[in-house]
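Data from run-v7.txt: compact mmCIF, C-alpha atoms
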```
# COMPACT_ATOMS: atom_id res chain seq x y z
CA MET A 1402 74.73 147.79 -163.43
CA PHE A 1403 71.78 145.40 -163.86
CA ALA A 1404 69.96 147.88 -166.14
CA ALA A 1405 73.03 148.24 -168.36
CA LEU A 1406 73.41 144.46 -168.61
CA LEU A 1407 69.72 144.09 -169.45
CA LEU A 1408 69.96 146.74 -172.19
CA LEU A 1409 73.07 145.08 -173.59
CA THR A 1410 71.31 141.70 -173.70
CA ILE A 1411 68.22 143.15 -175.39
CA GLY A 1412 70.42 144.98 -177.90
CA LEU A 1413 72.40 141.82 -178.64
CA LEU A 1414 69.22 139.80 -179.22
CA GLY A 1415 67.87 142.53 -181.50
CA TRP A 1416 71.14 142.61 -183.45
CA GLN A 1417 71.14 138.82 -183.79
CA PHE A 1418 67.58 138.86 -185.08
CA ALA A 1419 68.20 141.68 -187.57
CA VAL A 1420 71.68 140.83 -188.82
CA GLN A 1421 72.47 137.19 -188.18
CA GLY A 1422 69.21 135.63 -189.30
CA THR A 1423 66.16 134.50 -187.49
CA ASP A 1424 66.22 131.82 -184.86
CA ARG A 1425 63.30 129.39 -185.21
CA SER A 1426 62.37 129.84 -181.54
CA LEU A 1427 61.70 133.52 -182.17
CA THR A 1428 59.32 132.81 -185.06
CA ALA A 1429 57.61 129.53 -184.30
CA SER A 1430 54.18 131.13 -184.56
CA MET A 1431 54.95 133.45 -187.47
CA LYS A 1432 52.77 132.82 -190.53
CA LEU A 1433 54.23 133.95 -193.82
CA GLY A 1434 52.68 134.13 -197.25
CA THR A 1435 49.26 134.10 -198.83
CA ASP A 1436 47.55 132.79 -201.90
CA PHE A 1437 48.51 134.66 -205.08
CA ASN A 1438 48.22 134.71 -208.85
CA LEU A 1439 51.37 136.12 -210.42
CA ILE A 1440 53.66 135.46 -213.39
CA ASP A 1441 56.98 133.63 -213.40
CA HIS A 1442 59.93 134.79 -215.45
CA ASN A 1443 58.88 132.52 -218.33
CA GLY A 1444 55.57 134.40 -218.59
CA ASP A 1445 53.61 131.50 -217.11
CA PRO A 1446 51.06 131.84 -214.29
CA ILE A 1447 52.41 130.96 -210.86
CA THR A 1448 50.60 130.56 -207.55
CA GLU A 1449 51.59 129.86 -203.96
CA ALA A 1450 51.34 126.15 -204.82
CA ALA A 1451 54.80 126.46 -206.39
CA PHE A 1452 56.23 126.72 -202.86
CA ASP A 1453 54.67 123.43 -201.72
CA GLY A 1454 56.40 120.10 -201.40
CA GLN A 1455 60.03 121.22 -201.50
CA PRO A 1456 62.30 123.26 -199.26
CA THR A 1457 62.30 126.78 -200.66
CA LEU A 1458 64.32 129.98 -200.61
CA VAL A 1459 62.32 133.19 -201.12
CA PHE A 1460 64.00 136.55 -201.74
CA PHE A 1461 62.27 139.87 -202.39
CA GLY A 1462 64.09 142.48 -204.47
CA PHE A 1463 64.22 144.22 -207.84
CA THR A 1464 66.34 144.13 -210.98
CA ARG A 1465 67.56 147.73 -210.82
CA CYS A 1466 68.91 147.16 -207.32
CA PRO A 1467 72.46 148.53 -207.13
CA GLU A 1468 73.95 146.19 -204.51
CA VAL A 1469 71.80 144.02 -202.25
CA CYS A 1470 69.95 142.04 -204.95
CA PRO A 1471 72.87 141.21 -207.24
CA THR A 1472 75.02 140.33 -204.24
CA THR A 1473 72.31 138.11 -202.74
CA LEU A 1474 71.58 136.30 -206.03
CA TYR A 1475 75.32 135.81 -206.59
CA GLU A 1476 75.68 134.37 -203.08
CA MET A 1477 72.56 132.23 -203.55
CA ALA A 1478 74.08 130.74 -206.71
CA GLY A 1479 77.23 129.97 -204.71
CA TRP A 1480 75.27 128.29 -201.92
CA LEU A 1481 73.44 126.11 -204.42
CA ASP A 1482 76.71 125.18 -206.16
CA THR A 1483 78.31 124.33 -202.82
CA LEU A 1484 75.39 122.08 -201.89
CA GLY A 1485 75.68 120.19 -205.18
CA GLU A 1486 73.43 117.13 -205.31
CA ALA A 1487 72.48 117.62 -201.64
CA GLY A 1488 70.55 120.70 -202.77
CA ASN A 1489 68.73 119.19 -205.75
CA ASP A 1490 65.36 119.38 -203.97
CA LEU A 1491 65.87 122.99 -202.97
CA GLN A 1492 64.00 125.58 -205.04
CA ALA A 1493 64.53 129.35 -205.05
CA PHE A 1494 62.34 132.31 -205.98
CA PHE A 1495 63.10 136.00 -206.52
CA ILE A 1496 59.91 138.07 -206.08
CA SER A 1497 60.00 141.59 -207.49
CA VAL A 1498 59.09 144.52 -205.26
CA ASP A 1499 59.13 146.70 -208.40
CA PRO A 1500 56.67 144.96 -210.73
CA GLU A 1501 56.03 148.14 -212.74
CA ARG A 1502 59.53 147.85 -214.23
CA ASP A 1503 60.32 144.17 -213.66
CA THR A 1504 58.64 142.38 -216.55
CA PRO A 1505 58.91 138.59 -216.87
CA GLU A 1506 61.56 139.02 -219.59
CA ILE A 1507 63.64 141.35 -217.45
CA MET A 1508 63.28 139.06 -214.43
CA LYS A 1509 64.36 136.03 -216.49
CA GLY A 1510 67.49 137.68 -217.86
CA TYR A 1511 68.41 139.04 -214.46
CA ALA A 1512 67.89 135.84 -212.44
CA GLU A 1513 69.51 133.58 -215.03
CA ALA A 1514 72.58 135.82 -215.15
CA PHE A 1515 73.33 134.38 -211.71
CA THR A 1516 71.87 130.87 -211.88
CA GLU A 1517 69.13 128.96 -213.64
CA ARG A 1518 68.06 127.63 -210.23
CA VAL A 1519 66.25 130.86 -209.26
CA THR A 1520 62.81 131.66 -210.69
CA GLY A 1521 61.77 135.29 -210.93
CA ILE A 1522 58.21 136.24 -210.02
CA THR A 1523 56.41 139.46 -210.96
CA GLY A 1524 52.92 140.56 -211.89
CA ASP A 1525 50.14 142.97 -211.00
CA PRO A 1526 51.45 145.67 -208.60
CA ASP A 1527 48.43 145.33 -206.29
CA GLU A 1528 48.90 141.56 -206.10
CA ILE A 1529 52.63 141.99 -205.43
CA ALA A 1530 51.85 144.51 -202.66
CA ARG A 1531 49.49 141.99 -201.07
CA VAL A 1532 52.17 139.26 -201.20
CA VAL A 1533 54.84 141.60 -199.79
CA ALA A 1534 52.55 142.47 -196.87
CA ALA A 1535 51.68 138.81 -196.21
CA TRP A 1536 55.39 137.95 -196.00
CA HIS A 1537 55.97 140.85 -193.57
CA VAL A 1538 58.50 142.30 -196.01
CA TYR A 1539 59.42 145.96 -195.98
CA ALA A 1540 59.40 147.59 -199.44
CA ALA A 1541 59.20 151.30 -200.21
CA ARG A 1542 59.63 153.44 -203.30
CA ILE A 1543 62.34 156.06 -202.71
CA PRO A 1544 62.47 159.04 -205.11
CA THR A 1545 65.89 159.90 -206.54
CA GLU A 1546 67.29 163.29 -207.56
CA ASP A 1547 66.89 162.51 -211.29
CA ASP A 1548 63.08 162.21 -211.02
CA ASP A 1549 63.35 158.42 -210.99
CA TYR A 1550 63.09 156.08 -208.01
CA THR A 1551 64.76 153.17 -206.32
CA MET A 1552 63.33 150.62 -203.91
CA ASP A 1553 64.27 150.06 -200.29
CA HIS A 1554 63.43 146.55 -199.14
CA THR A 1555 64.05 143.70 -196.72
CA ALA A 1556 67.35 142.06 -197.59
CA SER A 1557 67.01 138.60 -196.00
CA VAL A 1558 66.40 135.29 -197.76
CA PHE A 1559 63.47 133.42 -196.23
CA LEU A 1560 63.84 129.67 -195.62
CA MET A 1561 60.70 127.54 -195.91
CA ASP A 1562 60.51 123.79 -195.39
CA ALA A 1563 58.65 121.34 -197.67
CA ASN A 1564 55.47 121.88 -195.63
CA GLY A 1565 55.61 125.64 -196.19
CA ASP A 1566 56.67 126.37 -192.62
CA PHE A 1567 59.06 129.25 -191.99
CA LYS A 1568 62.41 127.97 -190.72
CA GLY A 1569 64.50 131.13 -190.56
CA THR A 1570 66.45 133.53 -192.71
CA ILE A 1571 69.83 134.06 -194.21
CA ALA A 1572 70.80 137.67 -193.60
CA TYR A 1573 72.36 139.89 -196.25
CA GLY A 1574 76.10 139.31 -196.18
CA GLU A 1575 75.87 136.33 -193.81
CA ASN A 1576 78.92 134.07 -193.74
CA ALA A 1577 78.72 131.55 -196.61
CA GLU A 1578 79.54 128.57 -194.38
CA THR A 1579 76.73 129.51 -192.00
CA ALA A 1580 74.32 130.00 -194.91
CA VAL A 1581 75.17 126.62 -196.43
CA ALA A 1582 74.82 124.94 -193.01
CA LYS A 1583 71.31 126.42 -192.71
CA LEU A 1584 70.46 125.10 -196.18
CA ARG A 1585 71.80 121.64 -195.35
CA GLN A 1586 69.58 121.61 -192.26
CA LEU A 1587 66.61 122.84 -194.33
CA THR A 1588 67.07 120.03 -196.87
CA GLY A 1589 67.76 117.38 -194.21
CA ASN A 1590 71.35 116.92 -195.40
CA SER A 1591 73.18 118.27 -192.37
```
Exercise: express the given structure as structure tokens:
Amino acid sequence: MFAALLLLTIGLLGWQFAVQGTDRSLTASMKLGTDFNLIDHNGDPITEAAFDGQPTLVFFGFTRCPEVCPTTLYEMAGWLDTLGEAGNDLQAFFISVDPERDTPEIMKGYAEAFTERVTGITGDPDEIARVVAAWHVYAARIPTEDDDYTMDHTASVFLMDANGDFKGTIAYGENAETAVAKLRQLTGNS
């Protein structure tokens, strides 16, 4: 009986971590990110300094994504609209895991189709791979039957405070009220 209860508890904690977002106590020592030199969706150079000084949302994905990315960016736009003025200091970035196809122009059109509050980031594939690894993000090229490929990737939105410290995640499909509450806490407007 004790073993079954222990397994159930471990399974529940694993499910909470994977699906419901990350609790700060689980990740207090987790370091995310690295220095980088990439390109924003306006074609301008962007570095890790763009994440400094403001609470930040970071999402990794790609523009040919069939479901997760458009859904997440749509939801992100809704969260930002719901926050209104309380979210004015919040910035958001969409980093491509498919930089070979995601040019700055494509990233700009894609991100701005959802909201002008999200900045797309792309660039050299080796530099992107280094950033993906430093954020502990899973991204893998998956061949398709038509000799093309798609990308499999982490689907959570990372929450960073103004000091660049990791504060948790918003899981794919997480309840909008819960997501907005996390953002209010991140911005200090809870």
Point-to-point distance in Å for CA of Arg1465 in chain A and CA of Asn1489 in chain A: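 Separation of CA of Asn1489 in chain A and CA of Arg1465 in chain A: 29.0 Å.
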Could you give me, as a Markdown table, every range 1429-1456 of chain A residue with an atom at most 12 Å from range 1555-1566 of chain A, plus its closest atom pair and distance in Å to one decimal, counting all atoms listed in the file, rows ordered by chain then number?
```
| residue | atom | partner | partner_atom | distance |
| --- | --- | --- | --- | --- |
| A:Ala1429 | CA | A:Asp1566 | CA | 8.9 |
| A:Ser1430 | CA | A:Asp1566 | CA | 9.7 |
| A:Met1431 | CA | A:Asp1566 | CA | 8.9 |
| A:Lys1432 | CA | A:Asp1566 | CA | 7.8 |
| A:Leu1433 | CA | A:Asp1566 | CA | 8.1 |
| A:Gly1434 | CA | A:Gly1565 | CA | 9.0 |
| A:Thr1435 | CA | A:Gly1565 | CA | 10.9 |
| A:Glu1449 | CA | A:Gly1565 | CA | 9.7 |
| A:Ala1450 | CA | A:Gly1565 | CA | 9.6 |
| A:Ala1451 | CA | A:Gly1565 | CA | 10.3 |
| A:Phe1452 | CA | A:Gly1565 | CA | 6.8 |
| A:Asp1453 | CA | A:Gly1565 | CA | 6.0 |
| A:Gly1454 | CA | A:Ala1563 | CA | 4.5 |
| A:Gln1455 | CA | A:Ala1563 | CA | 4.1 |
| A:Pro1456 | CA | A:Asp1562 | CA | 4.3 |
```
Near Asp1527 in chain A, counting all atoms listed in the file, which residues have an atom at most 12 Å away, once you skip same-chain residues fewer than 3 positions from it, shown as a list in words? Phe1437, Asn1438, Leu1439, Val1498, Asp1499, Pro1500, Glu1501, Thr1523, Gly1524, Ala1530, Arg1531, Val1532, Val1533 and Ala1534 of chain A
What is the CA of Leu1481 in chain A to CA of Glu1575 in chain A distance in Å? 14.9 Å
As a VMD selection string, please: the residues near range 1467-1478 of chain A (cut-off 7 Å, all atoms listed in the file, same-chain neighbours under 4 positions excluded). chain A and resid 1462 to 1463 1482 1515 to 1516 1556 1573
Atom pair CA of Ala1582 in chain A / CA of Ala1512 in chain A: separation (Å):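 Result for CA of Ala1582 in chain A versus CA of Ala1512 in chain A: 23.3 Å, one decimal.
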Considering all atoms listed in the file, state which residue in the set A:Glu1517, A:Gly1488, A:Asp1503, A:Asp1548 is at the smallest distance from Lys1583 in chain A. A:Gly1488
